[in-house]
Number of protein chains: 2
Amino acid sequence: MQYKAEIHVTLKRTVNDPQGLAIRGGLHSLGYESVDTVRAGKFIEVWLEADSEDEARRLADEMSDQLLANPVIEDFRVQIAETPSPSGRGLG
Amino acid sequence: MQYKAEIHVTLKRTVNDPQGLAIRGGLHSLGYESVDTVRAGKFIEVWLEADSEDEARRLADEMSDQLLANPVIEDFRVQIAETPSPSGRGLG
């Protein structure tokens, strides 16, 4: 069955985030003075075949740990949804 | 009141995603042959002051349109949560 894993990769709280600071600076320059803090992370969608939702989650956790996130400085969280193949996309 | 906007920025479906393709190649090399498609996007968390949730959403939509996303090739979606200040962070 086809599942879609939505993976959020975020910097750990104690790690400095220069990209977030740059975005914050840009927003302040545009007049959004009410912006306090900005943190920048990654959002990765993975469509994969698996026998069950548990299997899909296990695979996505493994992939995140091995390739998608750097466990030294980043956290990740995985959400799984059953989904039709992303047909008409032709980008995979 | 302090709100947190969670902003997902993703490439439009018709736009090629070389980063997603590279991740897919890496996952296949690691043995995850069941991976079909990968799409890479951004996840941006913004803590901001606003008078209401609607106001926070309006601001976050504007920011996304002006700075965070490139509307020509990217879509974005905004979720708002009321939240305590990210105190102890000192990174803003």
# chains A, B, ... in the order shown; residues from 1 in each chain; ligands from 1

call {"tool": "interface_residues", "arguments": {"of": "chain B", "to": "chain A", "cutoff": "7 Å", "atoms": "only C-alpha atoms", "output": "PyMOL selection string"}}
result
chain B and resi 13+16+21+34-49+89+91-92

call {"tool": "calpha_fit_and_write", "arguments": {"fixed": "chain A", "moving": "chain B", "output": "PDB file with C-alpha atoms, in the first residue's frame"}}
result
ATOM      1  CA  MET B   1      -0.019  -0.017   0.039  1.00  0.00           C
ATOM      2  CA  GLN B   2       1.120   3.519  -0.649  1.00  0.00           C
ATOM      3  CA  TYR B   3       1.716   5.812   2.289  1.00  0.00           C
ATOM      4  CA  LYS B   4       2.877   9.383   2.546  1.00  0.00           C
ATOM      5  CA  ALA B   5       5.285  10.330   5.302  1.00  0.00           C
ATOM      6  CA  GLU B   6       5.401  13.993   6.264  1.00  0.00           C
ATOM      7  CA  ILE B   7       8.694  14.681   8.003  1.00  0.00           C
ATOM      8  CA  HIS B   8       9.493  17.890   9.879  1.00  0.00           C
ATOM      9  CA  VAL B   9      13.176  18.483  10.539  1.00  0.00           C
ATOM     10  CA  THR B  10      13.920  21.300  12.988  1.00  0.00           C
ATOM     11  CA  LEU B  11      17.055  22.530  14.675  1.00  0.00           C
ATOM     12  CA  LYS B  12      17.354  21.628  18.338  1.00  0.00           C
ATOM     13  CA  ARG B  13      16.428  24.521  20.627  1.00  0.00           C
ATOM     14  CA  THR B  14      19.967  25.021  21.824  1.00  0.00           C
ATOM     15  CA  VAL B  15      21.392  25.282  18.304  1.00  0.00           C
ATOM     16  CA  ASN B  16      21.831  28.710  16.773  1.00  0.00           C
ATOM     17  CA  ASP B  17      19.719  29.334  13.666  1.00  0.00           C
ATOM     18  CA  PRO B  18      21.329  31.893  11.339  1.00  0.00           C
ATOM     19  CA  GLN B  19      18.695  31.332   8.643  1.00  0.00           C
ATOM     20  CA  GLY B  20      15.935  32.071  11.145  1.00  0.00           C
ATOM     21  CA  LEU B  21      17.744  35.198  12.293  1.00  0.00           C
ATOM     22  CA  ALA B  22      18.137  36.361   8.683  1.00  0.00           C
ATOM     23  CA  ILE B  23      14.418  35.837   8.037  1.00  0.00           C
ATOM     24  CA  ARG B  24      13.588  37.728  11.231  1.00  0.00           C
ATOM     25  CA  GLY B  25      15.812  40.612  10.082  1.00  0.00           C
ATOM     26  CA  GLY B  26      14.112  40.650   6.699  1.00  0.00           C
ATOM     27  CA  LEU B  27      10.663  40.684   8.268  1.00  0.00           C
ATOM     28  CA  HIS B  28      11.628  43.556  10.566  1.00  0.00           C
ATOM     29  CA  SER B  29      12.963  45.481   7.557  1.00  0.00           C
ATOM     30  CA  LEU B  30       9.612  44.986   5.868  1.00  0.00           C
ATOM     31  CA  GLY B  31       7.892  46.521   8.892  1.00  0.00           C
ATOM     32  CA  TYR B  32       6.808  43.394  10.754  1.00  0.00           C
ATOM     33  CA  GLU B  33       8.143  44.625  14.082  1.00  0.00           C
ATOM     34  CA  SER B  34       5.813  42.313  16.012  1.00  0.00           C
ATOM     35  CA  VAL B  35       7.900  39.296  14.993  1.00  0.00           C
ATOM     36  CA  ASP B  36       9.754  37.939  17.997  1.00  0.00           C
ATOM     37  CA  THR B  37      11.535  34.727  17.004  1.00  0.00           C
ATOM     38  CA  VAL B  38      11.876  32.805  13.730  1.00  0.00           C
ATOM     39  CA  ARG B  39      13.121  29.242  13.391  1.00  0.00           C
ATOM     40  CA  ALA B  40      13.738  27.721   9.959  1.00  0.00           C
ATOM     41  CA  GLY B  41      13.417  24.004   9.312  1.00  0.00           C
ATOM     42  CA  LYS B  42      12.736  21.494   6.564  1.00  0.00           C
ATOM     43  CA  PHE B  43       9.528  19.807   5.469  1.00  0.00           C
ATOM     44  CA  ILE B  44      10.042  16.614   3.486  1.00  0.00           C
ATOM     45  CA  GLU B  45       7.242  14.568   1.930  1.00  0.00           C
ATOM     46  CA  VAL B  46       8.063  10.945   1.097  1.00  0.00           C
ATOM     47  CA  TRP B  47       5.678   8.642  -0.765  1.00  0.00           C
ATOM     48  CA  LEU B  48       6.580   5.021  -0.136  1.00  0.00           C
ATOM     49  CA  GLU B  49       5.256   1.470  -0.365  1.00  0.00           C
ATOM     50  CA  ALA B  50       4.788  -0.410   2.903  1.00  0.00           C
ATOM     51  CA  ASP B  51       2.687  -3.271   4.244  1.00  0.00           C
ATOM     52  CA  SER B  52       1.199  -1.272   7.096  1.00  0.00           C
ATOM     53  CA  GLU B  53       1.167   2.164   8.653  1.00  0.00           C
ATOM     54  CA  ASP B  54       3.503   0.940  11.385  1.00  0.00           C
ATOM     55  CA  GLU B  55       5.961  -0.326   8.778  1.00  0.00           C
ATOM     56  CA  ALA B  56       5.770   3.011   6.911  1.00  0.00           C
ATOM     57  CA  ARG B  57       6.451   4.869  10.152  1.00  0.00           C
ATOM     58  CA  ARG B  58       9.386   2.616  11.021  1.00  0.00           C
ATOM     59  CA  LEU B  59      10.909   3.174   7.571  1.00  0.00           C
ATOM     60  CA  ALA B  60      10.378   6.936   7.697  1.00  0.00           C
ATOM     61  CA  ASP B  61      11.934   7.099  11.185  1.00  0.00           C
ATOM     62  CA  GLU B  62      14.966   5.168   9.955  1.00  0.00           C
ATOM     63  CA  MET B  63      15.352   7.331   6.847  1.00  0.00           C
ATOM     64  CA  SER B  64      15.125  10.488   8.934  1.00  0.00           C
ATOM     65  CA  ASP B  65      17.740   9.251  11.339  1.00  0.00           C
ATOM     66  CA  GLN B  66      20.108   8.080   8.606  1.00  0.00           C
ATOM     67  CA  LEU B  67      19.777  10.731   5.919  1.00  0.00           C
ATOM     68  CA  LEU B  68      17.147  13.426   6.322  1.00  0.00           C
ATOM     69  CA  ALA B  69      18.128  14.840   9.707  1.00  0.00           C
ATOM     70  CA  ASN B  70      21.446  15.349  11.437  1.00  0.00           C
ATOM     71  CA  PRO B  71      20.696  13.907  14.874  1.00  0.00           C
ATOM     72  CA  VAL B  72      23.504  15.924  16.459  1.00  0.00           C
ATOM     73  CA  ILE B  73      21.827  19.260  15.831  1.00  0.00           C
ATOM     74  CA  GLU B  74      18.347  18.459  14.526  1.00  0.00           C
ATOM     75  CA  ASP B  75      15.121  16.874  15.738  1.00  0.00           C
ATOM     76  CA  PHE B  76      12.584  15.272  13.450  1.00  0.00           C
ATOM     77  CA  ARG B  77       8.986  14.141  13.670  1.00  0.00           C
ATOM     78  CA  VAL B  78       7.103  11.840  11.310  1.00  0.00           C
ATOM     79  CA  GLN B  79       3.413  11.794  10.420  1.00  0.00           C
ATOM     80  CA  ILE B  80       1.993   9.031   8.216  1.00  0.00           C
ATOM     81  CA  ALA B  81      -1.040   9.169   5.946  1.00  0.00           C
ATOM     82  CA  GLU B  82      -2.429   6.561   3.586  1.00  0.00           C
ATOM     83  CA  THR B  83      -2.557   8.146   0.196  1.00  0.00           C
ATOM     84  CA  PRO B  84      -3.010   7.497  -3.475  1.00  0.00           C
ATOM     85  CA  SER B  85       0.142   7.618  -5.538  1.00  0.00           C
ATOM     86  CA  PRO B  86       1.040  11.178  -6.561  1.00  0.00           C
ATOM     87  CA  SER B  87       0.090  10.349 -10.121  1.00  0.00           C
ATOM     88  CA  GLY B  88       0.401  12.869 -12.879  1.00  0.00           C
ATOM     89  CA  ARG B  89       3.398  14.221 -11.088  1.00  0.00           C
ATOM     90  CA  GLY B  90       6.080  12.367 -12.989  1.00  0.00           C
ATOM     91  CA  LEU B  91       8.739  13.954 -10.853  1.00  0.00           C
ATOM     92  CA  GLY B  92       9.708  10.997  -8.709  1.00  0.00           C
TER      93      GLY B  92
END

call {"tool": "select_by_dssp", "arguments": {"residues": "chain B", "states": "alpha helix (DSSP H)", "output": "JSON, numbers by chain"}}
result
{"B": [18, 19, 20, 21, 22, 23, 24, 25, 26, 27, 28, 29, 53, 54, 55, 56, 57, 58, 59, 60, 61, 62, 63]}

call {"tool": "write_last_selection", "arguments": {"atoms": "N, CA and C atoms", "output": "PDB file, in the first residue's frame"}}
result
ATOM      1  N   PRO B  18      14.798  19.366  -7.708  1.00  0.00           N
ATOM      2  CA  PRO B  18      16.081  18.651  -7.717  1.00  0.00           C
ATOM      3  C   PRO B  18      16.512  18.174  -6.329  1.00  0.00           C
ATOM      4  N   GLN B  19      16.166  18.949  -5.290  1.00  0.00           N
ATOM      5  CA  GLN B  19      16.545  18.512  -3.937  1.00  0.00           C
ATOM      6  C   GLN B  19      15.797  17.226  -3.563  1.00  0.00           C
ATOM      7  N   GLY B  20      14.510  17.188  -3.918  1.00  0.00           N
ATOM      8  CA  GLY B  20      13.734  15.975  -3.655  1.00  0.00           C
ATOM      9  C   GLY B  20      14.280  14.776  -4.414  1.00  0.00           C
ATOM     10  N   LEU B  21      14.675  15.011  -5.661  1.00  0.00           N
ATOM     11  CA  LEU B  21      15.241  13.917  -6.459  1.00  0.00           C
ATOM     12  C   LEU B  21      16.555  13.427  -5.855  1.00  0.00           C
ATOM     13  N   ALA B  22      17.368  14.370  -5.365  1.00  0.00           N
ATOM     14  CA  ALA B  22      18.647  13.982  -4.747  1.00  0.00           C
ATOM     15  C   ALA B  22      18.415  13.157  -3.486  1.00  0.00           C
ATOM     16  N   ILE B  23      17.422  13.564  -2.686  1.00  0.00           N
ATOM     17  CA  ILE B  23      17.099  12.806  -1.469  1.00  0.00           C
ATOM     18  C   ILE B  23      16.613  11.411  -1.851  1.00  0.00           C
ATOM     19  N   ARG B  24      15.753  11.353  -2.861  1.00  0.00           N
ATOM     20  CA  ARG B  24      15.248  10.049  -3.324  1.00  0.00           C
ATOM     21  C   ARG B  24      16.414   9.149  -3.755  1.00  0.00           C
ATOM     22  N   GLY B  25      17.365   9.727  -4.513  1.00  0.00           N
ATOM     23  CA  GLY B  25      18.532   8.942  -4.926  1.00  0.00           C
ATOM     24  C   GLY B  25      19.329   8.439  -3.733  1.00  0.00           C
ATOM     25  N   GLY B  26      19.504   9.306  -2.757  1.00  0.00           N
ATOM     26  CA  GLY B  26      20.236   8.907  -1.544  1.00  0.00           C
ATOM     27  C   GLY B  26      19.542   7.794  -0.798  1.00  0.00           C
ATOM     28  N   LEU B  27      18.203   7.895  -0.703  1.00  0.00           N
ATOM     29  CA  LEU B  27      17.448   6.859   0.003  1.00  0.00           C
ATOM     30  C   LEU B  27      17.516   5.525  -0.745  1.00  0.00           C
ATOM     31  N   HIS B  28      17.445   5.582  -2.067  1.00  0.00           N
ATOM     32  CA  HIS B  28      17.582   4.342  -2.844  1.00  0.00           C
ATOM     33  C   HIS B  28      18.960   3.729  -2.633  1.00  0.00           C
ATOM     34  N   SER B  29      19.994   4.574  -2.619  1.00  0.00           N
ATOM     35  CA  SER B  29      21.358   4.066  -2.388  1.00  0.00           C
ATOM     36  C   SER B  29      21.485   3.392  -1.033  1.00  0.00           C
ATOM     37  N   GLU B  53      -6.216  35.897  16.809  1.00  0.00           N
ATOM     38  CA  GLU B  53      -5.741  34.833  15.937  1.00  0.00           C
ATOM     39  C   GLU B  53      -5.899  35.229  14.474  1.00  0.00           C
ATOM     40  N   ASP B  54      -7.009  35.896  14.162  1.00  0.00           N
ATOM     41  CA  ASP B  54      -7.225  36.332  12.779  1.00  0.00           C
ATOM     42  C   ASP B  54      -6.143  37.292  12.325  1.00  0.00           C
ATOM     43  N   GLU B  55      -5.786  38.226  13.226  1.00  0.00           N
ATOM     44  CA  GLU B  55      -4.732  39.196  12.912  1.00  0.00           C
ATOM     45  C   GLU B  55      -3.389  38.470  12.704  1.00  0.00           C
ATOM     46  N   ALA B  56      -3.108  37.491  13.570  1.00  0.00           N
ATOM     47  CA  ALA B  56      -1.854  36.727  13.437  1.00  0.00           C
ATOM     48  C   ALA B  56      -1.825  36.000  12.091  1.00  0.00           C
ATOM     49  N   ARG B  57      -2.976  35.441  11.707  1.00  0.00           N
ATOM     50  CA  ARG B  57      -3.034  34.706  10.446  1.00  0.00           C
ATOM     51  C   ARG B  57      -2.851  35.655   9.256  1.00  0.00           C
ATOM     52  N   ARG B  58      -3.485  36.826   9.338  1.00  0.00           N
ATOM     53  CA  ARG B  58      -3.349  37.805   8.267  1.00  0.00           C
ATOM     54  C   ARG B  58      -1.881  38.223   8.106  1.00  0.00           C
ATOM     55  N   LEU B  59      -1.219  38.485   9.241  1.00  0.00           N
ATOM     56  CA  LEU B  59       0.190  38.881   9.189  1.00  0.00           C
ATOM     57  C   LEU B  59       1.053  37.767   8.601  1.00  0.00           C
ATOM     58  N   ALA B  60       0.818  36.537   9.068  1.00  0.00           N
ATOM     59  CA  ALA B  60       1.638  35.415   8.605  1.00  0.00           C
ATOM     60  C   ALA B  60       1.417  35.164   7.113  1.00  0.00           C
ATOM     61  N   ASP B  61       0.168  35.325   6.651  1.00  0.00           N
ATOM     62  CA  ASP B  61      -0.115  35.187   5.216  1.00  0.00           C
ATOM     63  C   ASP B  61       0.655  36.233   4.410  1.00  0.00           C
ATOM     64  N   GLU B  62       0.611  37.461   4.891  1.00  0.00           N
ATOM     65  CA  GLU B  62       1.319  38.560   4.215  1.00  0.00           C
ATOM     66  C   GLU B  62       2.830  38.310   4.152  1.00  0.00           C
ATOM     67  N   MET B  63       3.385  37.931   5.315  1.00  0.00           N
ATOM     68  CA  MET B  63       4.828  37.655   5.376  1.00  0.00           C
ATOM     69  C   MET B  63       5.223  36.553   4.404  1.00  0.00           C
TER      70      MET B  63
END
